[in-house]
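Structure data follow from my_file.cif (mmCIF, C-alpha atoms):
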data_upload
#
loop_
_atom_site.group_PDB
_atom_site.id
_atom_site.type_symbol
_atom_site.label_atom_id
_atom_site.label_comp_id
_atom_site.auth_asym_id
_atom_site.auth_seq_id
_atom_site.Cartn_x
_atom_site.Cartn_y
_atom_site.Cartn_z
ATOM 1 C CA MET Z 1 28.194 6.360 14.125
ATOM 2 C CA ASP Z 2 25.291 6.897 16.476
ATOM 3 C CA LEU Z 3 25.679 4.330 19.225
ATOM 4 C CA THR Z 4 22.237 5.096 20.572
ATOM 5 C CA VAL Z 5 20.750 3.604 17.435
ATOM 6 C CA LEU Z 6 22.777 0.414 17.439
ATOM 7 C CA ASP Z 7 21.637 -2.864 18.898
ATOM 8 C CA ARG Z 8 18.272 -1.583 19.920
ATOM 9 C CA CYS Z 9 15.227 -3.701 19.522
ATOM 10 C CA PHE Z 10 11.632 -2.510 19.697
ATOM 11 C CA GLU Z 11 8.702 -4.859 19.989
ATOM 12 C CA LEU Z 12 4.950 -4.629 19.652
ATOM 13 C CA GLU Z 13 2.284 -7.276 20.005
ATOM 14 C CA ILE Z 14 -0.894 -6.846 18.006
ATOM 15 C CA HIS Z 15 -3.866 -8.790 16.707
ATOM 16 C CA ALA Z 16 -4.435 -9.588 13.072
ATOM 17 C CA ASP Z 17 -7.131 -7.009 12.381
ATOM 18 C CA ALA Z 18 -7.476 -3.718 10.563
ATOM 19 C CA PHE Z 19 -7.548 -1.573 13.687
ATOM 20 C CA ASP Z 20 -4.317 -3.000 15.058
ATOM 21 C CA LEU Z 21 -2.707 -2.680 11.641
ATOM 22 C CA ARG Z 22 -3.285 1.064 11.784
ATOM 23 C CA GLU Z 23 -1.851 1.130 15.303
ATOM 24 C CA ALA Z 24 1.183 -0.840 14.148
ATOM 25 C CA SER Z 25 1.858 1.653 11.353
ATOM 26 C CA ALA Z 26 1.725 4.520 13.848
ATOM 27 C CA TRP Z 27 4.115 2.645 16.163
ATOM 28 C CA LEU Z 28 6.528 1.984 13.301
ATOM 29 C CA GLU Z 29 6.521 5.627 12.260
ATOM 30 C CA LYS Z 30 6.998 6.890 15.807
ATOM 31 C CA THR Z 31 9.769 4.406 16.560
ATOM 32 C CA GLY Z 32 11.471 5.002 13.233
ATOM 33 C CA ILE Z 33 11.530 8.757 13.742
ATOM 34 C CA ALA Z 34 12.828 8.357 17.292
ATOM 35 C CA THR Z 35 15.686 6.172 16.064
ATOM 36 C CA LYS Z 36 16.519 8.474 13.166
ATOM 37 C CA VAL Z 37 15.499 6.134 10.384
ATOM 38 C CA PRO Z 38 14.899 8.263 7.260
ATOM 39 C CA ALA Z 39 11.252 8.922 6.449
ATOM 40 C CA ASP Z 40 11.408 7.272 3.046
ATOM 41 C CA GLN Z 41 12.785 4.106 4.646
ATOM 42 C CA ILE Z 42 9.997 4.097 7.245
ATOM 43 C CA PHE Z 43 7.565 4.381 4.346
ATOM 44 C CA ARG Z 44 9.106 1.318 2.684
ATOM 45 C CA LEU Z 45 8.825 -0.723 5.874
ATOM 46 C CA ASP Z 46 5.281 0.532 6.452
ATOM 47 C CA MET Z 47 4.318 -0.741 3.015
ATOM 48 C CA CYS Z 48 5.775 -4.165 3.815
ATOM 49 C CA LEU Z 49 4.076 -4.195 7.212
ATOM 50 C CA ASN Z 50 0.714 -3.368 5.665
ATOM 51 C CA GLU Z 51 0.999 -5.962 2.938
ATOM 52 C CA ALA Z 52 2.243 -8.668 5.298
ATOM 53 C CA LEU Z 53 -0.538 -8.042 7.820
ATOM 54 C CA ALA Z 54 -3.162 -7.808 5.093
ATOM 55 C CA ASN Z 55 -2.031 -11.195 3.897
ATOM 56 C CA ILE Z 56 -2.178 -12.631 7.421
ATOM 57 C CA ILE Z 57 -5.677 -11.209 7.944
ATOM 58 C CA GLU Z 58 -6.956 -12.492 4.608
ATOM 59 C CA HIS Z 59 -5.158 -15.818 4.264
ATOM 60 C CA GLY Z 60 -3.727 -16.699 7.667
ATOM 61 C CA GLY Z 61 -6.700 -18.731 8.808
ATOM 62 C CA PRO Z 62 -8.201 -19.052 12.306
ATOM 63 C CA ALA Z 63 -4.853 -19.550 14.048
ATOM 64 C CA ALA Z 64 -3.626 -16.206 12.762
ATOM 65 C CA LYS Z 65 -6.543 -14.412 14.347
ATOM 66 C CA SER Z 66 -6.534 -16.265 17.639
ATOM 67 C CA SER Z 67 -2.841 -15.723 18.329
ATOM 68 C CA PRO Z 68 -0.892 -12.490 18.586
ATOM 69 C CA VAL Z 69 1.205 -11.084 15.790
ATOM 70 C CA ASN Z 70 4.599 -9.952 17.041
ATOM 71 C CA LEU Z 71 6.511 -7.091 15.464
ATOM 72 C CA THR Z 72 10.210 -6.562 16.073
ATOM 73 C CA PHE Z 73 11.958 -3.463 14.765
ATOM 74 C CA LEU Z 74 15.740 -3.341 14.623
ATOM 75 C CA PRO Z 75 17.155 0.006 13.537
ATOM 76 C CA GLN Z 76 20.873 0.051 12.840
ATOM 77 C CA THR Z 77 23.289 2.344 11.095
ATOM 78 C CA ASN Z 78 22.149 2.683 7.483
ATOM 79 C CA GLU Z 79 19.850 -0.320 7.808
ATOM 80 C CA ALA Z 80 16.606 -1.285 9.505
ATOM 81 C CA THR Z 81 14.821 -4.605 9.811
ATOM 82 C CA LEU Z 82 11.230 -5.345 10.662
ATOM 83 C CA PHE Z 83 10.199 -8.865 11.616
ATOM 84 C CA VAL Z 84 6.556 -9.917 11.493
ATOM 85 C CA THR Z 85 5.810 -13.181 13.302
ATOM 86 C CA ASP Z 86 2.422 -14.890 13.199
ATOM 87 C CA SER Z 87 0.785 -18.259 13.816
ATOM 88 C CA GLY Z 88 -1.203 -18.404 10.605
ATOM 89 C CA ASN Z 89 -0.927 -20.794 7.703
ATOM 90 C CA ALA Z 90 2.654 -21.268 6.582
ATOM 91 C CA PHE Z 91 3.462 -19.013 3.657
ATOM 92 C CA ASN Z 92 6.891 -18.298 2.226
ATOM 93 C CA PRO Z 93 6.701 -15.232 -0.028
ATOM 94 C CA LEU Z 94 10.170 -16.016 -1.332
ATOM 95 C CA ASP Z 95 8.698 -19.015 -3.120
ATOM 96 C CA ALA Z 96 5.850 -17.048 -4.660
ATOM 97 C CA THR Z 97 5.878 -15.182 -7.950
ATOM 98 C CA PRO Z 98 4.393 -11.696 -8.010
ATOM 99 C CA LYS Z 99 1.252 -11.409 -10.080
ATOM 100 C CA ALA Z 100 1.876 -10.112 -13.583
ATOM 101 C CA VAL Z 101 0.069 -6.974 -14.707
ATOM 102 C CA PRO Z 102 -2.677 -8.018 -17.147
ATOM 103 C CA ASP Z 103 -2.753 -6.706 -20.690
ATOM 104 C CA SER Z 104 -5.941 -4.736 -20.192
ATOM 105 C CA LEU Z 105 -8.320 -3.476 -17.555
ATOM 106 C CA ALA Z 106 -10.896 -5.936 -18.847
ATOM 107 C CA ASP Z 107 -8.575 -8.786 -17.895
ATOM 108 C CA ALA Z 108 -7.692 -7.345 -14.492
ATOM 109 C CA GLU Z 109 -8.666 -9.273 -11.413
ATOM 110 C CA PRO Z 110 -8.411 -7.322 -8.179
ATOM 111 C CA GLY Z 111 -5.867 -8.535 -5.675
ATOM 112 C CA GLY Z 112 -2.481 -10.182 -5.696
ATOM 113 C CA LEU Z 113 -0.460 -6.973 -5.754
ATOM 114 C CA GLY Z 114 0.958 -7.132 -2.242
ATOM 115 C CA LEU Z 115 3.807 -9.498 -2.974
ATOM 116 C CA GLY Z 116 5.069 -7.289 -5.782
ATOM 117 C CA LEU Z 117 4.965 -4.268 -3.492
ATOM 118 C CA ILE Z 118 6.963 -6.092 -0.827
ATOM 119 C CA LYS Z 119 9.620 -7.124 -3.321
ATOM 120 C CA THR Z 120 9.799 -3.616 -4.743
ATOM 121 C CA PHE Z 121 10.037 -1.792 -1.427
ATOM 122 C CA THR Z 122 12.623 -3.968 0.349
ATOM 123 C CA ASP Z 123 16.314 -4.562 -0.155
ATOM 124 C CA ALA Z 124 16.033 -8.067 1.258
ATOM 125 C CA VAL Z 125 13.331 -10.382 2.564
ATOM 126 C CA SER Z 126 13.878 -13.321 4.903
ATOM 127 C CA TYR Z 127 11.503 -16.080 5.914
ATOM 128 C CA LYS Z 128 11.513 -18.987 8.302
ATOM 129 C CA TYR Z 129 8.822 -21.244 9.731
ATOM 130 C CA ASP Z 130 9.569 -22.450 13.208
ATOM 131 C CA GLN Z 131 7.377 -24.019 15.884
ATOM 132 C CA GLY Z 132 4.205 -23.160 14.040
ATOM 133 C CA ARG Z 133 5.140 -19.520 13.504
ATOM 134 C CA ASN Z 134 5.894 -17.645 10.296
ATOM 135 C CA CYS Z 135 8.702 -15.138 10.726
ATOM 136 C CA LEU Z 136 8.998 -12.718 7.873
ATOM 137 C CA GLY Z 137 11.809 -10.164 7.864
ATOM 138 C CA PHE Z 138 12.040 -7.001 5.788
ATOM 139 C CA ILE Z 139 15.348 -5.195 5.444
ATOM 140 C CA VAL Z 140 15.821 -1.707 4.048
ATOM 141 C CA ARG Z 141 19.201 -0.069 3.600
ATOM 142 C CA TRP Z 142 20.270 3.448 2.844
ATOM 143 C CA SER Z 143 23.401 5.429 2.338
ATOM 144 C CA SER Z 144 24.591 8.085 4.736
ATOM 145 C CA SER Z 145 23.878 10.500 1.934
ATOM 146 C CA PRO Z 146 20.122 10.773 1.383
ATOM 147 C CA ASP Z 147 20.809 11.293 -2.318
ATOM 148 C CA ASP Z 148 22.149 7.761 -2.573
ATOM 149 C CA SER Z 149 19.149 6.110 -0.956
ATOM 150 C CA ARG Z 150 17.620 3.501 -3.224
ATOM 151 C CA ALA Z 151 14.046 4.510 -2.642
ATOM 152 C CA SER Z 152 14.504 8.246 -2.591
ATOM 153 C CA MET A 1 -15.140 10.873 5.676
ATOM 154 C CA PRO A 2 -11.965 11.134 3.530
ATOM 155 C CA ILE A 3 -13.880 11.122 0.262
ATOM 156 C CA ASP A 4 -15.789 13.825 -1.566
ATOM 157 C CA PHE A 5 -16.625 14.743 -5.113
ATOM 158 C CA GLU A 6 -17.369 17.560 -7.492
ATOM 159 C CA ASP A 7 -19.176 17.391 -10.801
ATOM 160 C CA SER A 8 -17.513 19.707 -13.309
ATOM 161 C CA ASN A 9 -20.254 19.205 -15.885
ATOM 162 C CA ASP A 10 -22.845 16.654 -16.954
ATOM 163 C CA GLU A 11 -20.202 14.095 -17.833
ATOM 164 C CA LEU A 12 -17.148 14.690 -15.675
ATOM 165 C CA ARG A 13 -16.854 13.862 -11.989
ATOM 166 C CA HIS A 14 -13.869 14.428 -9.705
ATOM 167 C CA ILE A 15 -13.654 12.060 -6.759
ATOM 168 C CA ARG A 16 -11.167 13.186 -4.127
ATOM 169 C CA LEU A 17 -9.714 10.655 -1.700
ATOM 170 C CA SER A 18 -7.497 11.504 1.239
ATOM 171 C CA GLY A 19 -5.763 9.918 4.216
ATOM 172 C CA ARG A 20 -4.512 6.380 4.441
ATOM 173 C CA LEU A 21 -5.913 3.846 2.008
ATOM 174 C CA ASP A 22 -4.914 0.846 4.079
ATOM 175 C CA ILE A 23 -7.404 -1.848 5.116
ATOM 176 C CA GLN A 24 -9.205 0.414 7.572
ATOM 177 C CA GLY A 25 -9.180 3.504 5.373
ATOM 178 C CA THR A 26 -10.293 1.655 2.258
ATOM 179 C CA GLY A 27 -13.077 0.010 4.235
ATOM 180 C CA GLU A 28 -14.303 3.440 5.320
ATOM 181 C CA ILE A 29 -14.597 4.808 1.776
ATOM 182 C CA GLU A 30 -15.273 1.660 -0.248
ATOM 183 C CA ALA A 31 -19.059 1.847 -0.466
ATOM 184 C CA LYS A 32 -19.196 5.582 -1.147
ATOM 185 C CA PHE A 33 -16.368 5.327 -3.665
ATOM 186 C CA ALA A 34 -18.259 2.625 -5.572
ATOM 187 C CA ALA A 35 -21.481 4.640 -5.470
ATOM 188 C CA LEU A 36 -19.810 7.834 -6.688
ATOM 189 C CA ALA A 37 -17.916 6.022 -9.412
ATOM 190 C CA ALA A 38 -21.083 4.295 -10.591
ATOM 191 C CA SER A 39 -23.003 7.498 -11.206
ATOM 192 C CA SER A 40 -24.351 8.522 -14.578
ATOM 193 C CA LYS A 41 -21.224 10.594 -15.131
ATOM 194 C CA ARG A 42 -19.175 8.637 -17.607
ATOM 195 C CA ARG A 43 -15.829 10.317 -17.079
ATOM 196 C CA VAL A 44 -14.264 10.085 -13.660
ATOM 197 C CA ILE A 45 -11.031 11.528 -12.300
ATOM 198 C CA VAL A 46 -9.933 10.003 -9.011
ATOM 199 C CA ASP A 47 -7.755 12.514 -7.191
ATOM 200 C CA LEU A 48 -5.132 10.764 -5.051
ATOM 201 C CA SER A 49 -3.007 13.835 -4.449
ATOM 202 C CA GLU A 50 -3.983 13.997 -0.754
ATOM 203 C CA VAL A 51 -3.692 10.268 -0.078
ATOM 204 C CA SER A 52 -0.925 9.749 2.482
ATOM 205 C CA PHE A 53 -0.553 6.001 2.027
ATOM 206 C CA LEU A 54 -1.802 3.687 -0.696
ATOM 207 C CA ALA A 55 -1.737 -0.043 0.058
ATOM 208 C CA SER A 56 -2.705 -2.820 -2.312
ATOM 209 C CA ILE A 57 -6.197 -2.938 -0.803
ATOM 210 C CA GLY A 58 -6.717 0.648 -1.991
ATOM 211 C CA ILE A 59 -5.418 -0.216 -5.437
ATOM 212 C CA ARG A 60 -7.827 -3.123 -5.495
ATOM 213 C CA ALA A 61 -10.729 -0.731 -4.922
ATOM 214 C CA ILE A 62 -9.495 1.555 -7.693
ATOM 215 C CA ILE A 63 -9.192 -1.298 -10.186
ATOM 216 C CA THR A 64 -12.618 -2.668 -9.271
ATOM 217 C CA ASN A 65 -14.283 0.705 -9.847
ATOM 218 C CA ALA A 66 -12.282 1.521 -12.965
ATOM 219 C CA LYS A 67 -13.268 -1.794 -14.463
ATOM 220 C CA ALA A 68 -16.923 -1.293 -13.593
ATOM 221 C CA GLN A 69 -16.833 2.182 -15.119
ATOM 222 C CA MET A 70 -15.268 0.797 -18.293
ATOM 223 C CA GLN A 71 -17.948 -1.893 -18.526
ATOM 224 C CA ARG A 72 -20.580 0.864 -18.423
ATOM 225 C CA GLY A 73 -18.852 2.587 -21.331
ATOM 226 C CA GLY A 74 -17.120 5.183 -19.201
ATOM 227 C CA ARG A 75 -13.534 5.930 -18.322
ATOM 228 C CA MET A 76 -11.672 6.474 -15.078
ATOM 229 C CA VAL A 77 -8.244 8.040 -14.743
ATOM 230 C CA LEU A 78 -6.057 8.861 -11.745
ATOM 231 C CA PHE A 79 -4.563 12.194 -10.735
ATOM 232 C CA VAL A 80 -1.638 12.069 -8.296
ATOM 233 C CA GLY A 81 -0.300 15.611 -8.507
ATOM 234 C CA GLU A 82 2.993 15.925 -6.635
ATOM 235 C CA ASN A 83 2.303 12.947 -4.399
ATOM 236 C CA ALA A 84 5.588 11.039 -4.749
ATOM 237 C CA SER A 85 4.793 8.137 -2.413
ATOM 238 C CA VAL A 86 1.506 7.321 -4.124
ATOM 239 C CA ALA A 87 3.115 7.708 -7.544
ATOM 240 C CA LYS A 88 5.844 5.306 -6.449
ATOM 241 C CA THR A 89 3.298 2.723 -5.322
ATOM 242 C CA ILE A 90 1.323 3.001 -8.543
ATOM 243 C CA ASP A 91 4.525 2.688 -10.513
ATOM 244 C CA ALA A 92 5.594 -0.396 -8.535
ATOM 245 C CA THR A 93 2.343 -2.224 -9.238
ATOM 246 C CA GLY A 94 2.178 -1.210 -12.883
ATOM 247 C CA ILE A 95 -1.505 -0.295 -12.640
ATOM 248 C CA TYR A 96 -0.866 2.908 -14.564
ATOM 249 C CA THR A 97 -0.977 0.663 -17.639
ATOM 250 C CA LEU A 98 -4.572 -0.235 -16.750
ATOM 251 C CA VAL A 99 -5.837 2.997 -15.220
ATOM 252 C CA PRO A 100 -4.086 6.005 -16.817
ATOM 253 C CA THR A 101 -2.301 8.073 -14.195
ATOM 254 C CA PHE A 102 -1.317 11.734 -14.413
ATOM 255 C CA SER A 103 0.511 14.317 -12.349
ATOM 256 C CA ALA A 104 -1.127 17.225 -14.169
ATOM 257 C CA LEU A 105 -4.866 17.735 -13.802
ATOM 258 C CA VAL A 106 -5.254 19.110 -17.300
ATOM 259 C CA ASP A 107 -3.751 15.922 -18.689
ATOM 260 C CA ALA A 108 -6.080 13.812 -16.563
ATOM 261 C CA GLU A 109 -9.106 15.765 -17.797
ATOM 262 C CA ARG A 110 -7.975 15.411 -21.381
ATOM 263 C CA ALA A 111 -7.458 11.675 -20.964
ATOM 264 C CA THR A 112 -11.018 11.082 -19.814
ATOM 265 C CA THR A 113 -12.185 11.955 -23.296
ATOM 266 C CA ALA A 114 -9.590 9.834 -25.104
#
Translate the structure described by the file into structure tokens.
Amino acid sequence: MDLTVLDRCFELEIHADAFDLREASAWLEKTGIATKVPADQIFRLDMCLNEALANIIEHGGPAAKSSPVNLTFLPQTNEATLFVTDSGNAFNPLDATPKAVPDSLADAEPGGLGLGLIKTFTDAVSYKYDQGRNCLGFIVRWSSSPDDSRAS
Amino acid sequence: MPIDFEDSNDELRHIRLSGRLDIQGTGEIEAKFAALAASSKRRVIVDLSEVSFLASIGIRAIITNAKAQMQRGGRMVLFVGENASVAKTIDATGIYTLVPTFSALVDAERATTA
């Protein structure tokens, strides 16, 4: 057990825009590597981060853009959690159904794929709405043996 | 710009994308991607083998251009090569059922004529 990885919390405050999203991905990668989170697990969290922030940017409304988005990264042994907290419109992804793949390209309407990606790339998702803030949590888990990792 | 192309013949165009296709990256290539995909070439292979990250916004751009190509009577397919992360994302969204996706270039080229 690596005690240096336990009970550590990393935070970043960003704005809901494309530039800061790129910065947030770089921060997540750098912090994940520094805390020995496997690369494939960082990738899974990066996907969730991108889809969550894209949703905030597109659907969060004015409050989402005028208030900071707070990221909290909690790496632990064989598990890591990323919380994304924003002041946009309340949205619980746990209540939403991922968009079904249409039967043909002719029927395809762009968009609506992010929720499915989040559900595919996480082991657990949490959500709460408190004091006007959405707090979305993404958890990824892995075995000590890289061969046993779910997403590998 | 992380997008370029090569015309193999009068009908087949390869469009190569690279880097991160997140909101920022997709925004940077969106207009050129649409212009290249809308050319007179009716068979298009989009090479994603050098894409380091494919978010849903990038998939949205692919679907939009594949659909437009189909409506012009053409066909677009995807080539991912050995890119496991992009292949995983495409698999998770199921878009390979809409835009045929291949790991071998020869298969992608063959599929454009199917």
### Task
Name every residue that the PyMOL selection byres ((chain A and resi 76) around 8) selects in this structure, writing the answer as a PyMOL selection string with chains first and numbers rising.
chain A and resi 43-46+66+69-70+74-75+77-78+99-100+112
### Task
Could you tell me which residues the PyMOL selection byres ((chain Z and resi 56) around 12) returns for this structure, as a PyMOL selection string?
chain Z and resi 15-18+21+49-55+57-69+84-93+114+133-136
### Task
Find the residues of chain A in contact range of chain Z, meaning any atom within 6 Å when counting all atoms listed in the file, and list them as a PyMOL selection string.
chain A and resi 23-24+56+60+98
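From atom CA of Ile62 of chain A back to atom CA of Ala34 of chain A, the distance works out to 9.1 Å.
Minimum atom-to-atom distance to Thr64 of chain A, evaluated using only C-alpha atoms, belongs to A:Glu30 out of A:Asp91, A:Asp47, A:Glu82, A:Glu30.
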### Task
Identify all residues satisfying the PyMOL selection byres ((chain A and resi 5) around 6) in the given file; provide them as number ranges by chain.
A: 4, 6, 14-16
Give the centre and edge lengths of an axis-aligned box, in Å to one decimal, that holds all listed atoms of segment 8-15 of chain Z with 3 Å on each side, as JSON.
{"center_x": 7.2, "center_y": -5.2, "center_z": 18.4, "size_x": 28.1, "size_y": 13.2, "size_z": 9.3}
### Summary
note - atom CA of Glu109 of chain A and atom CA of Ala38 of chain A are separated by 18.1 Å
Polymer residues at most 7 Å from segment 31-35 of chain Z, only C-alpha atoms, same-chain spacing of 3 or more positions, as a PDB file with C-alpha atoms, in the coordinates of the input:
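Below you can see part.pdb, which holds the result:
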ATOM      1  CA  VAL Z   5      20.750   3.604  17.435  1.00  0.00           C
ATOM      2  CA  TRP Z  27       4.115   2.645  16.163  1.00  0.00           C
ATOM      3  CA  LEU Z  28       6.528   1.984  13.301  1.00  0.00           C
ATOM      4  CA  ILE Z  42       9.997   4.097   7.245  1.00  0.00           C
ATOM      5  CA  PRO Z  75      17.155   0.006  13.537  1.00  0.00           C
TER       6      PRO Z  75
END
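Across the model, the gap from atom CA of Gly94 of chain A to atom CA of Ser8 of chain A is 28.7 Å.
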### Query
Contacts of Thr26 of chain A at 8 Å or less, counting only C-alpha atoms, minus same-chain residues fewer than 5 places along, as a list in words?
Arg20, Leu21, Ile57, Gly58 and Ala61 of chain A
